[in-house]
$ cat input-v9.cif   # mmCIF, C-alpha atoms
data_upload
loop_
_atom_site.label_atom_id
_atom_site.label_comp_id
_atom_site.auth_asym_id
_atom_site.auth_seq_id
_atom_site.Cartn_x
_atom_site.Cartn_y
_atom_site.Cartn_z
CA MET M 30 -24.27 2.73 -3.25
CA ASP M 31 -22.34 2.43 -0.03
CA LEU M 32 -18.62 3.14 0.23
CA ILE M 33 -17.54 -0.47 -0.24
CA ASP M 34 -19.60 -0.75 -3.44
CA LEU M 35 -18.16 2.51 -4.73
CA ILE M 36 -14.61 1.38 -3.99
CA GLU M 37 -15.12 -1.96 -5.72
CA SER M 38 -17.08 -0.62 -8.69
CA ARG M 39 -14.60 2.22 -9.40
CA ARG M 40 -11.46 0.08 -9.44
CA PHE M 41 -11.46 0.34 -13.24
CA LEU M 42 -10.20 3.90 -12.82
CA GLY M 43 -6.81 2.51 -11.82
CA SER M 44 -6.25 0.72 -15.13
CA GLU M 45 -7.68 3.67 -17.07
CA PHE M 46 -5.22 5.95 -15.26
CA LEU M 47 -2.30 3.74 -16.26
CA MET M 48 -3.58 3.54 -19.85
CA TRP M 49 -3.80 7.33 -19.98
CA LEU M 50 -0.32 7.64 -18.46
CA TRP M 51 1.04 5.24 -21.09
CA PHE M 52 -0.62 7.17 -23.90
CA LYS M 53 0.51 10.58 -22.67
CA SER M 54 4.02 9.34 -21.98
CA GLU M 55 4.26 8.00 -25.54
CA CYS M 56 2.89 11.23 -27.01
CA TYR M 57 5.49 13.40 -25.27
CA ASP M 58 8.39 10.94 -25.04
CA GLY M 59 7.83 10.81 -21.30
CA LEU M 60 8.12 14.57 -20.75
CA PHE M 61 5.32 15.98 -18.60
CA ASP M 62 4.53 19.43 -17.25
CA LEU M 63 3.12 18.58 -13.86
CA GLY M 64 0.24 20.48 -12.31
CA PRO M 65 -0.67 24.15 -12.55
CA GLU M 66 2.94 25.15 -11.87
CA LYS M 67 4.08 23.05 -14.89
CA ARG M 68 6.91 21.28 -13.10
CA PRO M 69 8.95 19.41 -15.69
CA ILE M 70 9.13 15.70 -14.93
CA GLU M 71 9.78 12.55 -16.89
CA VAL M 72 7.46 9.56 -16.64
CA ILE M 73 8.61 6.46 -18.49
CA LEU M 74 7.00 3.06 -18.64
CA ASP M 75 9.98 0.90 -17.81
CA ASP M 76 10.80 -2.70 -18.63
CA ALA M 77 7.87 -4.57 -17.08
CA MET M 78 4.11 -4.39 -17.55
CA THR M 79 1.09 -6.63 -17.27
CA LEU M 80 -2.10 -6.36 -19.29
CA GLU M 81 -5.25 -8.15 -18.23
CA ALA M 82 -8.58 -8.76 -19.82
CA PHE M 83 -11.13 -6.48 -18.21
CA LEU M 84 -13.52 -8.44 -15.97
CA ALA M 85 -11.66 -11.67 -16.86
CA GLU M 86 -8.41 -11.42 -14.97
CA THR M 87 -7.31 -14.89 -15.91
CA GLU M 88 -6.35 -13.70 -19.38
CA ARG M 89 -3.08 -11.94 -18.82
CA ASN M 90 -0.02 -10.87 -20.78
CA THR M 91 3.14 -10.12 -18.84
CA PHE M 92 6.02 -8.36 -20.57
CA LYS M 93 9.50 -8.16 -19.12
CA GLY M 94 12.69 -6.66 -20.49
CA GLY M 95 13.30 -4.09 -23.18
CA ALA M 96 10.64 -1.43 -23.72
CA PRO M 97 7.35 -3.35 -23.74
CA ALA M 98 5.30 -0.15 -23.99
CA TYR M 99 6.58 0.21 -27.56
CA SER M 100 6.26 -3.46 -28.51
CA PRO M 101 3.77 -4.68 -31.13
CA GLU M 102 2.78 -7.48 -28.73
CA ALA M 103 1.55 -4.99 -26.14
CA LYS M 104 -0.47 -3.20 -28.83
CA VAL M 105 -2.04 -6.50 -29.85
CA ALA M 106 -3.04 -7.12 -26.23
CA LEU M 107 -4.62 -3.65 -26.11
CA ARG M 108 -6.56 -4.37 -29.29
CA GLN M 109 -7.90 -7.53 -27.67
CA GLY M 110 -9.40 -5.34 -24.97
CA LYS M 111 -6.76 -5.97 -22.34
CA ARG M 112 -5.84 -3.15 -20.01
CA LEU M 113 -2.76 -2.24 -18.06
CA SER M 114 -3.03 -3.81 -14.62
CA ARG M 115 0.54 -3.36 -13.39
CA ALA M 116 3.45 -1.34 -14.67
CA LYS M 117 6.99 -0.54 -13.69
CA LEU M 118 7.48 3.21 -13.90
CA ARG M 119 10.53 5.41 -13.91
CA VAL M 120 9.93 8.98 -12.75
CA ILE M 121 12.64 11.62 -12.98
CA GLU M 122 12.50 15.11 -11.52
CA GLU M 123 15.47 17.47 -11.30
CA GLY M 124 17.93 14.64 -11.86
CA ARG M 125 16.44 12.49 -9.11
CA GLU M 126 14.98 9.16 -10.14
CA TRP M 127 12.36 6.88 -8.63
CA VAL M 128 11.68 3.42 -10.05
CA PHE M 129 8.72 1.44 -8.77
CA THR M 130 5.82 -0.80 -9.69
CA ILE M 131 2.25 0.48 -9.57
CA LYS M 132 -0.76 -1.79 -9.35
CA ALA M 133 -3.88 -0.50 -11.09
CA GLU M 134 -6.45 -2.10 -8.78
CA THR M 135 -5.18 -0.37 -5.65
CA LEU M 136 -2.70 2.24 -6.94
CA ASP M 137 -0.24 0.75 -4.44
CA LEU M 138 3.41 1.43 -5.13
CA SER M 139 5.88 -1.36 -4.50
CA SER M 140 9.60 -2.09 -4.81
CA ILE M 141 10.22 1.66 -4.78
CA ASN M 142 13.78 2.54 -5.59
CA ILE M 143 14.28 6.04 -4.23
CA PRO M 144 17.06 8.51 -5.09
CA ALA M 145 20.20 7.99 -3.01
CA VAL M 146 19.80 8.93 0.65
CA LEU M 147 22.49 11.47 1.52
CA SER M 148 22.09 11.78 5.29
CA ARG M 149 24.93 10.34 7.31
CA GLU M 150 23.27 10.57 10.69
CA GLU M 151 21.43 7.31 11.11
CA ASP M 152 18.30 8.84 12.57
CA GLU M 153 18.12 11.40 9.79
CA LYS M 154 18.03 8.66 7.19
CA PHE M 155 14.51 7.75 8.22
CA TYR M 156 13.25 11.31 7.71
CA GLU M 157 15.01 11.56 4.34
CA ARG M 158 13.52 8.26 3.22
CA MET M 159 10.06 9.45 4.21
CA PHE M 160 10.63 12.77 2.45
CA LEU M 161 11.59 10.99 -0.78
CA VAL M 162 8.63 8.63 -0.49
CA GLU M 163 6.27 11.56 0.05
CA GLU M 164 7.72 13.26 -3.02
CA ILE M 165 6.92 10.35 -5.32
CA GLU M 166 3.49 9.96 -3.72
CA ASN M 167 2.82 13.65 -4.38
CA ILE M 168 3.97 13.34 -8.00
CA MET M 169 1.67 10.37 -8.53
CA ALA M 170 -1.16 12.21 -6.77
CA ALA M 171 -0.70 15.17 -9.12
CA LEU M 172 -0.75 12.88 -12.17
CA TYR M 173 -3.84 11.11 -10.87
CA ALA M 174 -5.51 14.47 -10.21
CA GLU M 175 -4.83 15.45 -13.82
CA PHE M 176 -6.33 12.19 -15.04
CA ILE M 177 -9.40 12.44 -12.79
CA GLY M 178 -9.98 16.03 -13.94
CA ILE M 179 -10.07 14.84 -17.55
CA ARG M 180 -11.92 11.60 -16.83
CA LEU M 181 -14.80 13.32 -15.05
CA SER M 182 -15.20 16.04 -17.68
CA PRO M 183 -17.02 15.87 -21.03
CA SER M 184 -13.62 16.19 -22.73
CA TRP M 185 -12.89 12.56 -21.85
CA ASN M 186 -15.54 11.22 -24.19
CA GLU M 187 -15.28 14.09 -26.67
CA ALA M 188 -11.52 14.34 -27.06
CA MET M 189 -9.39 11.92 -25.05
CA LEU M 190 -11.13 8.59 -25.58
CA PRO M 191 -11.39 8.92 -29.39
CA VAL M 192 -7.66 9.59 -29.78
CA MET M 193 -6.75 6.80 -27.37
CA ARG M 194 -8.90 4.42 -29.44
CA GLN M 195 -7.05 5.50 -32.59
CA TRP M 196 -3.71 5.08 -30.82
CA ILE M 197 -4.61 1.54 -29.82
CA GLN M 198 -5.47 0.61 -33.41
CA SER M 199 -2.46 2.37 -34.92
CA ASP M 200 0.96 0.81 -35.46
CA GLU M 201 2.57 4.25 -35.44
CA PRO M 202 3.93 5.68 -32.19
CA ALA M 203 1.92 8.58 -30.81
CA LYS M 204 3.30 12.09 -31.36
CA PRO M 205 2.90 15.30 -29.33
CA GLU M 206 0.21 16.56 -31.72
CA THR M 207 -1.76 13.34 -31.13
CA TYR M 208 -2.46 14.33 -27.54
CA PRO M 209 -5.61 16.54 -27.36
CA ALA M 210 -3.92 19.02 -25.03
CA ALA M 211 -6.05 22.03 -25.96
CA ALA M 212 -9.30 20.12 -25.52
CA VAL M 213 -8.47 18.72 -22.11
CA GLU M 214 -6.25 21.39 -20.57
CA ALA M 215 -8.94 23.10 -18.49
CA ALA M 216 -10.27 19.78 -17.22
CA ALA M 217 -6.78 18.55 -16.44
CA LEU M 218 -6.13 21.54 -14.23
CA SER M 219 -9.57 21.60 -12.63
CA ILE M 220 -8.50 19.36 -9.77
CA SER M 221 -5.44 20.05 -7.74
CA SER M 222 -3.68 17.47 -5.66
CA THR M 223 -2.64 20.32 -3.35
CA ASN M 224 -6.04 19.86 -1.69
CA GLN M 225 -4.38 16.97 0.09
CA ASP M 226 -1.63 19.24 1.34
CA SER M 227 -4.15 21.74 2.69
CA SER M 228 -5.85 19.02 4.73
CA ALA M 229 -2.46 18.08 6.07
CA GLN M 230 -1.83 21.64 7.20
CA GLN M 231 -5.22 21.75 8.82
CA THR M 232 -4.19 18.77 10.91
CA THR M 233 -0.99 20.51 11.85
CA GLY M 234 -2.99 23.44 13.10
CA GLU M 235 -5.33 21.27 15.10
CA THR M 236 -2.60 19.39 16.80
CA SER M 237 -0.74 22.57 17.54
CA GLU M 238 -2.30 22.74 21.00
CA GLU M 239 -0.31 19.65 21.78
CA PRO M 240 2.57 19.94 19.39
CA VAL M 241 4.29 16.95 17.99
CA PRO M 242 7.64 16.90 19.80
CA ALA M 243 10.46 18.12 17.60
CA MET B 9 12.87 17.46 25.75
CA PRO B 10 12.33 14.07 24.13
CA HIS B 11 15.34 11.86 23.87
CA LYS B 12 16.31 10.49 20.51
CA PRO B 13 15.82 6.81 19.85
CA ILE B 14 19.05 4.96 20.57
CA SER B 15 19.63 3.79 17.03
CA LEU B 16 17.31 3.25 14.16
CA TYR B 17 19.82 1.04 12.44
CA ASN B 18 20.72 -2.06 14.33
CA HIS B 19 22.82 -3.85 11.75
CA GLU B 20 22.50 -7.11 13.60
CA ARG B 21 18.76 -7.19 13.23
CA SER B 22 17.47 -10.36 11.64
CA ARG B 23 14.58 -8.86 9.72
CA VAL B 24 14.19 -6.50 6.83
CA LEU B 25 12.63 -3.27 7.97
CA GLY B 26 10.60 -1.17 5.62
CA ALA B 27 10.28 2.22 7.22
CA LEU B 28 13.87 2.45 8.38
CA PHE B 29 15.65 0.66 5.57
CA GLY B 30 15.12 -2.11 3.09
CA THR B 31 12.40 -2.58 0.53
CA LEU B 32 9.86 0.18 0.08
CA SER B 33 6.69 -1.75 -0.64
CA TYR B 34 3.79 -0.62 1.43
CA LYS B 35 0.09 0.12 1.59
CA VAL B 36 -1.16 3.65 2.18
CA PHE B 37 -4.13 4.26 4.47
CA TYR B 38 -5.83 7.62 4.83
CA VAL B 39 -6.73 8.65 8.37
CA GLN B 40 -10.32 9.80 8.84
CA GLY B 41 -11.23 12.35 11.49
CA GLU B 42 -9.03 14.46 13.70
CA ILE B 43 -6.68 13.69 16.53
CA GLU B 44 -8.28 14.64 19.82
CA PRO B 45 -6.47 16.74 22.44
CA GLY B 46 -4.61 14.70 25.01
CA TRP B 47 -3.62 12.15 22.40
CA GLN B 48 -0.07 11.49 23.63
CA GLU B 49 -0.99 9.95 26.97
CA ARG B 50 -4.00 8.17 25.55
CA TYR B 51 -2.04 6.67 22.67
CA LEU B 52 0.71 5.53 25.03
CA GLU B 53 -1.87 3.80 27.19
CA LYS B 54 -3.51 2.12 24.21
CA VAL B 55 -0.24 1.06 22.61
CA ARG B 56 0.69 -0.59 25.90
CA LYS B 57 -2.74 -2.21 26.01
CA TYR B 58 -2.32 -3.68 22.52
CA ALA B 59 1.40 -4.43 22.87
CA PHE B 60 2.62 -7.78 21.67
CA GLU B 61 2.42 -10.64 24.20
CA ALA B 62 4.84 -13.48 23.69
CA LEU B 63 3.55 -16.99 23.12
CA THR B 64 4.47 -19.69 25.61
CA PRO B 65 4.50 -23.45 25.05
CA ASP B 66 2.11 -23.88 27.98
CA GLY B 67 -0.43 -21.42 26.61
CA ASP B 68 -3.42 -22.38 24.51
CA GLU B 69 -2.79 -19.70 21.91
CA GLU B 70 -0.91 -20.67 18.83
CA ALA B 71 -0.70 -17.17 17.42
CA SER B 72 -0.24 -13.71 18.90
CA ASP B 73 -0.27 -10.20 17.41
CA GLY B 74 0.50 -6.76 18.77
CA TRP B 75 2.67 -3.66 18.73
CA VAL B 76 6.41 -3.60 19.28
CA PRO B 77 8.89 -0.74 19.03
CA ILE B 78 9.89 -0.41 15.39
CA ASP B 79 13.58 -0.83 16.06
CA ARG B 80 13.37 -3.39 18.90
CA PRO B 81 10.83 -6.11 18.14
CA LEU B 82 11.80 -8.15 21.21
CA ASN B 83 11.08 -5.31 23.58
CA VAL B 84 7.56 -4.36 24.63
CA GLU B 85 8.38 -1.60 27.08
CA PHE B 86 6.89 1.59 25.70
CA ASP B 87 7.19 5.22 26.53
CA LEU B 88 6.04 8.00 24.25
CA HIS B 89 9.44 8.39 22.63
CA THR B 90 9.62 4.72 21.79
CA PHE B 91 7.18 5.35 18.96
CA LEU B 92 7.00 9.11 18.42
CA TYR B 93 9.53 10.32 15.86
CA ASP B 94 8.92 14.01 15.27
CA ARG B 95 5.66 14.08 13.27
CA TYR B 96 5.55 10.31 12.79
CA ILE B 97 4.30 7.49 14.95
CA ASN B 98 6.39 4.43 14.09
CA LEU B 99 5.54 0.99 15.35
CA GLY B 100 6.18 -2.60 14.40
CA PHE B 101 3.20 -4.92 14.06
CA ARG B 102 4.49 -8.27 15.29
CA GLN B 103 2.75 -11.53 14.46
CA ASP B 104 4.07 -14.73 16.01
CA LYS B 105 2.76 -18.16 15.23
CA TYR B 106 3.67 -21.69 16.15
CA ALA B 107 3.98 -23.56 12.91
CA ILE B 108 4.16 -27.26 13.66
CA PRO B 109 4.19 -29.22 10.41
CA ALA B 110 0.92 -31.14 10.17
CA GLY B 111 2.63 -34.40 9.22
CA LEU B 112 5.01 -34.22 12.16
CA LEU B 113 2.19 -33.44 14.59
CA LYS B 114 0.12 -36.35 13.29
CA ALA B 115 3.03 -38.79 13.56
CA HIS B 116 3.78 -37.72 17.14
CA ILE B 117 0.12 -37.97 18.15
CA GLU B 118 -0.19 -41.47 16.69
CA GLU B 119 2.98 -42.55 18.44
CA ARG B 120 1.82 -41.19 21.79
CA GLU B 121 -1.61 -42.79 21.34
CA ARG B 122 0.03 -46.19 20.78
CA GLU B 123 2.16 -45.79 23.90
CA TYR B 124 -0.85 -44.71 25.93
CA MET B 125 -2.94 -47.67 24.81
CA ILE B 126 -0.14 -50.12 25.68
CA GLN B 127 0.47 -48.50 29.05
CA ASN B 128 -3.22 -48.52 29.90
CA ASN B 129 -4.03 -51.82 28.26
CA LYS B 130 -6.60 -50.29 25.95
CA GLU B 131 -7.64 -51.15 22.45
CA ARG B 132 -9.45 -47.92 21.70
CA LEU B 133 -9.29 -44.36 22.94
CA GLY B 134 -12.16 -42.11 23.94
CA LYS B 135 -12.71 -38.65 22.47
CA PHE B 136 -11.41 -36.85 25.56
CA GLU B 137 -8.35 -39.07 25.81
CA ARG B 138 -7.45 -38.33 22.21
CA GLU B 139 -7.92 -34.58 22.79
CA ASP B 140 -5.73 -34.67 25.91
CA ILE B 141 -3.00 -36.49 24.03
CA LYS B 142 -3.17 -33.99 21.20
CA VAL B 143 -2.82 -31.05 23.61
CA MET B 144 0.08 -32.71 25.41
CA VAL B 145 1.90 -33.58 22.18
CA LYS B 146 1.43 -30.06 20.84
CA ARG B 147 2.81 -28.61 24.04
CA LYS B 148 5.87 -30.87 23.91
CA LEU B 149 6.51 -29.95 20.29
CA LYS B 150 6.06 -26.25 21.07
CA GLU B 151 8.69 -26.59 23.79
CA LYS B 152 11.12 -27.80 21.15
CA GLN B 153 10.58 -25.00 18.68
CA LEU B 154 10.34 -21.22 18.62
CA PRO B 155 7.32 -19.49 17.12
CA ARG B 156 7.70 -17.99 13.67
CA MET B 157 8.02 -14.22 13.98
CA LYS B 158 6.95 -11.63 11.44
CA VAL B 159 7.22 -7.90 12.05
CA THR B 160 5.68 -5.38 9.66
CA ASP B 161 6.51 -1.72 10.01
CA MET B 162 3.95 1.04 10.29
CA SER B 163 4.66 4.73 9.96
CA TRP B 164 1.86 7.21 10.61
CA ASP B 165 2.48 10.70 9.31
CA LEU B 166 0.44 12.73 11.80
CA GLN B 167 0.48 15.88 9.70
CA GLY B 168 -0.07 14.22 6.33
CA LYS B 169 -2.86 12.06 7.79
CA ARG B 170 -1.40 9.00 6.09
CA VAL B 171 -0.37 5.66 7.42
CA ARG B 172 2.14 3.55 5.53
CA PHE B 173 2.09 -0.14 6.34
CA TRP B 174 4.82 -2.31 4.89
CA SER B 175 2.62 -5.12 3.62
CA GLN B 176 0.22 -5.39 0.72
CA SER B 177 -1.30 -8.68 1.81
CA ASN B 178 -5.07 -8.26 2.21
CA SER B 179 -5.33 -10.45 5.29
CA VAL B 180 -2.41 -8.76 7.09
CA CYS B 181 -3.67 -5.30 6.11
CA GLU B 182 -7.17 -6.06 7.42
CA LEU B 183 -5.80 -7.27 10.75
CA PHE B 184 -3.50 -4.26 10.97
CA GLN B 185 -6.42 -1.93 10.19
CA SER B 186 -8.45 -3.32 13.08
CA TYR B 187 -5.48 -2.99 15.47
CA PHE B 188 -4.82 0.57 14.35
CA GLU B 189 -8.45 1.61 14.73
CA GLU B 190 -8.74 0.04 18.17
CA THR B 191 -5.48 1.56 19.34
CA PHE B 192 -5.78 5.07 17.98
CA GLU B 193 -9.58 5.44 17.91
CA LEU B 194 -9.51 6.72 14.33
CA LYS B 195 -10.82 5.08 11.18
CA ILE B 196 -8.43 4.45 8.32
CA VAL B 197 -9.27 3.63 4.72
CA PRO B 198 -6.89 1.93 2.31
CA ALA B 199 -5.80 3.78 -0.82
CA ASN B 200 -7.54 2.74 -4.02
CA PRO B 201 -8.71 4.54 -7.18
CA TYR B 202 -11.98 5.77 -5.65
CA ILE B 203 -10.62 6.83 -2.26
CA ASN B 204 -7.66 8.57 -3.90
CA ALA B 205 -10.04 10.52 -6.16
CA ILE B 206 -12.20 11.78 -3.31
CA GLN B 207 -9.09 13.03 -1.49
CA TYR B 208 -9.14 15.92 -3.97
CA ASN B 209 -12.25 17.47 -2.41
CA LEU B 210 -14.22 17.20 -5.64
CA SER B 211 -17.14 19.53 -6.31
CA ASP B 212 -20.63 18.05 -5.89
CA ALA B 213 -20.98 17.76 -9.65
CA LEU B 214 -17.70 15.90 -10.06
CA SER B 215 -18.44 13.67 -7.08
CA GLN B 216 -21.73 12.73 -8.66
CA GLU B 217 -20.00 12.06 -11.97
CA LEU B 218 -17.42 9.89 -10.18
CA ASP B 219 -20.19 7.79 -8.67
CA LEU B 220 -21.93 7.34 -12.03
CA ILE B 221 -19.26 6.86 -14.69
CA ASP B 222 -18.93 3.57 -16.49
CA PRO B 223 -15.71 1.93 -17.63
CA ALA B 224 -14.38 3.38 -20.88
CA GLU B 225 -14.52 1.32 -24.05
CA PHE B 226 -11.06 1.58 -25.52
CA VAL B 227 -11.82 -0.84 -28.34
CA ASP B 228 -14.99 -0.60 -30.37
CA GLY B 229 -17.17 -3.65 -30.60
CA LEU B 230 -15.79 -5.48 -27.56
CA GLU B 231 -18.19 -6.53 -24.85
CA TYR B 232 -17.08 -5.13 -21.47
#
$ encode --input "input-v9.cif" --output "structure tokens"
Amino acid sequence: MDLIDLIESRRFLGSEFLMWLWFKSECYDGLFDLGPEKRPIEVILDDAMTLEAFLAETERNTFKGGAPAYSPEAKVALRQGKRLSRAKLRVIEEGREWVFTIKAETLDLSSINIPAVLSREEDEKFYERMFLVEEIENIMAALYAEFIGIRLSPSWNEAMLPVMRQWIQSDEPAKPETYPAAAVEAAALSISSTNQDSSAQQTTGETSEEPVPA
Amino acid sequence: MPHKPISLYNHERSRVLGALFGTLSYKVFYVQGEIEPGWQERYLEKVRKYAFEALTPDGDEEASDGWVPIDRPLNVEFDLHTFLYDRYINLGFRQDKYAIPAGLLKAHIEEREREYMIQNNKERLGKFEREDIKVMVKRKLKEKQLPRMKVTDMSWDLQGKRVRFWSQSNSVCELFQSYFEETFELKIVPANPYINAIQYNLSDALSQELDLIDPAEFVDGLEY
């Protein structure tokens, strides 16, 4: 398969990532320990989500207002085989909050509401905005790395998928003990999003002959 | 020592800027390959080459695209510090287009054709006459209106090897991608579930698994 085919044929990973995020968020009331360093963050599915029939995008349920992730209607849509295609997320780390919409097909973030920009100097505001945007991108990259680690390991089929199937069929909210943490922990940590940071530093080194003006 | 841009925040600007302020909705592209030595001068030259060129009523073009400084979309004078902000290259991607309403254009053409036939005592018009009238009418209408302007911000993080482009429209992103690749001589790939996964430098085994996995069946008995 060429790259275009791989990109198109693997788009389902986006909706599976959001489904996993929904499930894990419900299990732990939104409290996550992020990455190998176990950074405490909160990930909450906010007040808007869209579920679409897989391979038949015309069948769509859009929920707005309240807490649709906990609504019986959303569970019914899941039981009909629909998957999360778009969700509004609220991510909180150290008292700072980002609210944004994520689209499963592309993993694009939109309408990002970043924590308040504190810089007073006008030019500094740009750098602070970029810093805050990079922070949320890095958080989402770490969550996606955790998901990919599980998804590509045998523990996905052996442990994660069976409990997610039960969760979809159940009317009870998921609890911490529902999440197969022990079974998937090694896989979850097998991939680190810090690989991206190392490639960034490599670039820094290579451009150091002609440094970016400070 | 590079001078600082005059002001990133012109409060009188008539457009919503993404990178500098306003809505944060953008598309991420990953930059492939490495920046070659001597990039500053080369990039300046190429940005000037692909700078925006204004449309004129007399011109044949009805649309024009190109780079503008991110904080001054009406200015196309570039030096390195117009677009280099510390470790970021910031540019605006300006797209102008004459948008003459089809109904209005048709009505004006028909009117002009009638006048022409009366003036020249003709009952019918030839193909070339009709084309000439159309061009002339379009030009007159273009003189009466300004092109529609759209500027989309781009911010390239040179160290992070990421480009953020403040549009998620497929057609605009594809056009932007071709401009970026021509200007900076580097390939970029848009973020998506597969590309994001391979950013993690997966082992050979995991890469193979990624290429082979099938969609999960979350509900038993449903046909996927």
$ residues_near_point --input "input-v9.cif" --point "(5.3, -22.1, 27.4)" --cutoff "8 Å" --atoms "all atoms listed in the file" --output "list in words"
Leu63, Thr64, Pro65, Asp66, Gly67, Arg147, Lys150 and Glu151 of chain B
$ resolve_selection --input "input-v9.cif" --expression "the PyMOL selection byres ((chain B and resi 100) around 7)" --output "PyMOL selection string"
chain B and resi 75-78+81+99+101-102+159-162
$ resolve_selection --input "input-v9.cif" --expression "the PyMOL selection byres ((chain B and resi 169) around 8)" --output "PyMOL selection string"
(chain M and resi 229+232) or (chain B and resi 38-40+164-168+170-171)
$ write_last_selection --input "input-v9.cif" --atoms "C-alpha atoms" --output "short mmCIF file (atom, residue, chain, number, x, y, z; two decimals), in the frame of the given file"
data_model
loop_
_atom_site.label_atom_id
_atom_site.label_comp_id
_atom_site.auth_asym_id
_atom_site.auth_seq_id
_atom_site.Cartn_x
_atom_site.Cartn_y
_atom_site.Cartn_z
CA ALA M 229 -2.46 18.08 6.07
CA THR M 232 -4.19 18.77 10.91
CA TYR B 38 -5.83 7.62 4.83
CA VAL B 39 -6.73 8.65 8.37
CA GLN B 40 -10.32 9.80 8.84
CA TRP B 164 1.86 7.21 10.61
CA ASP B 165 2.48 10.70 9.31
CA LEU B 166 0.44 12.73 11.80
CA GLN B 167 0.48 15.88 9.70
CA GLY B 168 -0.07 14.22 6.33
CA ARG B 170 -1.40 9.00 6.09
CA VAL B 171 -0.37 5.66 7.42
#
$ resolve_selection --input "input-v9.cif" --expression "the PyMOL selection byres ((chain B) within 6 of (chain M))" --output "compact mmCIF listing (two decimals) with C-alpha atoms, in the coordinates of the input"
# COMPACT_ATOMS: atom_id res chain seq x y z
CA LEU B 16 17.31 3.25 14.16
CA LEU B 28 13.87 2.45 8.38
CA LEU B 32 9.86 0.18 0.08
CA SER B 33 6.69 -1.75 -0.64
CA ASP B 94 8.92 14.01 15.27
CA ARG B 95 5.66 14.08 13.27
CA GLN B 167 0.48 15.88 9.70
CA GLY B 168 -0.07 14.22 6.33
CA ASN B 200 -7.54 2.74 -4.02
CA PRO B 201 -8.71 4.54 -7.18
CA TYR B 202 -11.98 5.77 -5.65
CA TYR B 208 -9.14 15.92 -3.97
CA PHE B 226 -11.06 1.58 -25.52
$ atom_distance --input "input-v9.cif" --atom1 "CA of Gly30 in chain B" --atom2 "CA of Thr90 in chain B"
20.7 Å
$ residues_around --input "input-v9.cif" --residues "Trp127 in chain M" --least-positions-apart "6" --cutoff "9 Å" --atoms "all atoms listed in the file" --output "MDAnalysis selection string"
chainID M and resid 118:121 141:144 161 165
$ residues_near_point --input "input-v9.cif" --point "(9.3, 10.2, -23.8)" --cutoff "12 Å" --atoms "all atoms listed in the file" --output "PDB file with C-alpha atoms, in the coordinates of the input"
ATOM      1  CA  LEU M  50      -0.320   7.640 -18.460  1.00  0.00           C
ATOM      2  CA  TRP M  51       1.040   5.240 -21.090  1.00  0.00           C
ATOM      3  CA  PHE M  52      -0.620   7.170 -23.900  1.00  0.00           C
ATOM      4  CA  LYS M  53       0.510  10.580 -22.670  1.00  0.00           C
ATOM      5  CA  SER M  54       4.020   9.340 -21.980  1.00  0.00           C
ATOM      6  CA  GLU M  55       4.260   8.000 -25.540  1.00  0.00           C
ATOM      7  CA  CYS M  56       2.890  11.230 -27.010  1.00  0.00           C
ATOM      8  CA  TYR M  57       5.490  13.400 -25.270  1.00  0.00           C
ATOM      9  CA  ASP M  58       8.390  10.940 -25.040  1.00  0.00           C
ATOM     10  CA  GLY M  59       7.830  10.810 -21.300  1.00  0.00           C
ATOM     11  CA  LEU M  60       8.120  14.570 -20.750  1.00  0.00           C
ATOM     12  CA  PHE M  61       5.320  15.980 -18.600  1.00  0.00           C
ATOM     13  CA  ILE M  70       9.130  15.700 -14.930  1.00  0.00           C
ATOM     14  CA  GLU M  71       9.780  12.550 -16.890  1.00  0.00           C
ATOM     15  CA  VAL M  72       7.460   9.560 -16.640  1.00  0.00           C
ATOM     16  CA  ILE M  73       8.610   6.460 -18.490  1.00  0.00           C
ATOM     17  CA  LEU M  74       7.000   3.060 -18.640  1.00  0.00           C
ATOM     18  CA  ASP M  75       9.980   0.900 -17.810  1.00  0.00           C
ATOM     19  CA  ALA M  96      10.640  -1.430 -23.720  1.00  0.00           C
ATOM     20  CA  ALA M  98       5.300  -0.150 -23.990  1.00  0.00           C
ATOM     21  CA  TYR M  99       6.580   0.210 -27.560  1.00  0.00           C
ATOM     22  CA  ARG M 119      10.530   5.410 -13.910  1.00  0.00           C
ATOM     23  CA  VAL M 120       9.930   8.980 -12.750  1.00  0.00           C
ATOM     24  CA  ILE M 121      12.640  11.620 -12.980  1.00  0.00           C
ATOM     25  CA  PRO M 202       3.930   5.680 -32.190  1.00  0.00           C
ATOM     26  CA  ALA M 203       1.920   8.580 -30.810  1.00  0.00           C
ATOM     27  CA  LYS M 204       3.300  12.090 -31.360  1.00  0.00           C
ATOM     28  CA  PRO M 205       2.900  15.300 -29.330  1.00  0.00           C
TER      29      PRO M 205
END
$ axis_aligned_box --input "input-v9.cif" --around "range 136-145 of chain B" --padding-each-side "4 Å" --output "JSON"
{"center_x": -4.8, "center_y": -35.1, "center_z": 23.6, "size_x": 21.3, "size_y": 16.0, "size_z": 12.7}
$ atom_distance --input "input-v9.cif" --atom1 "CA of Leu63 in chain M" --atom2 "CA of Glu123 in chain M"
12.7 Å
$ atom_distance --input "input-v9.cif" --atom1 "CA of Glu225 in chain B" --atom2 "CA of Asn90 in chain M"
19.2 Å
$ closest_residue --input "input-v9.cif" --among "B:Phe173, B:Glu44, B:Val180, B:Ile108" --to "Gly26 in chain B" --atoms "all atoms listed in the file"
B:Phe173
$ residues_around --input "input-v9.cif" --residues "Cys181 in chain B" --least-positions-apart "3" --cutoff "12 Å" --atoms "all atoms listed in the file" --output "ChimeraX atom specification"
/B:34-37,101,160-162,171-178,184-188,196-199
$ residues_around --input "input-v9.cif" --residues "Ala107 in chain B" --least-positions-apart "3" --cutoff "9 Å" --atoms "only C-alpha atoms" --output "ChimeraX atom specification"
/B:70,110,150,153-156
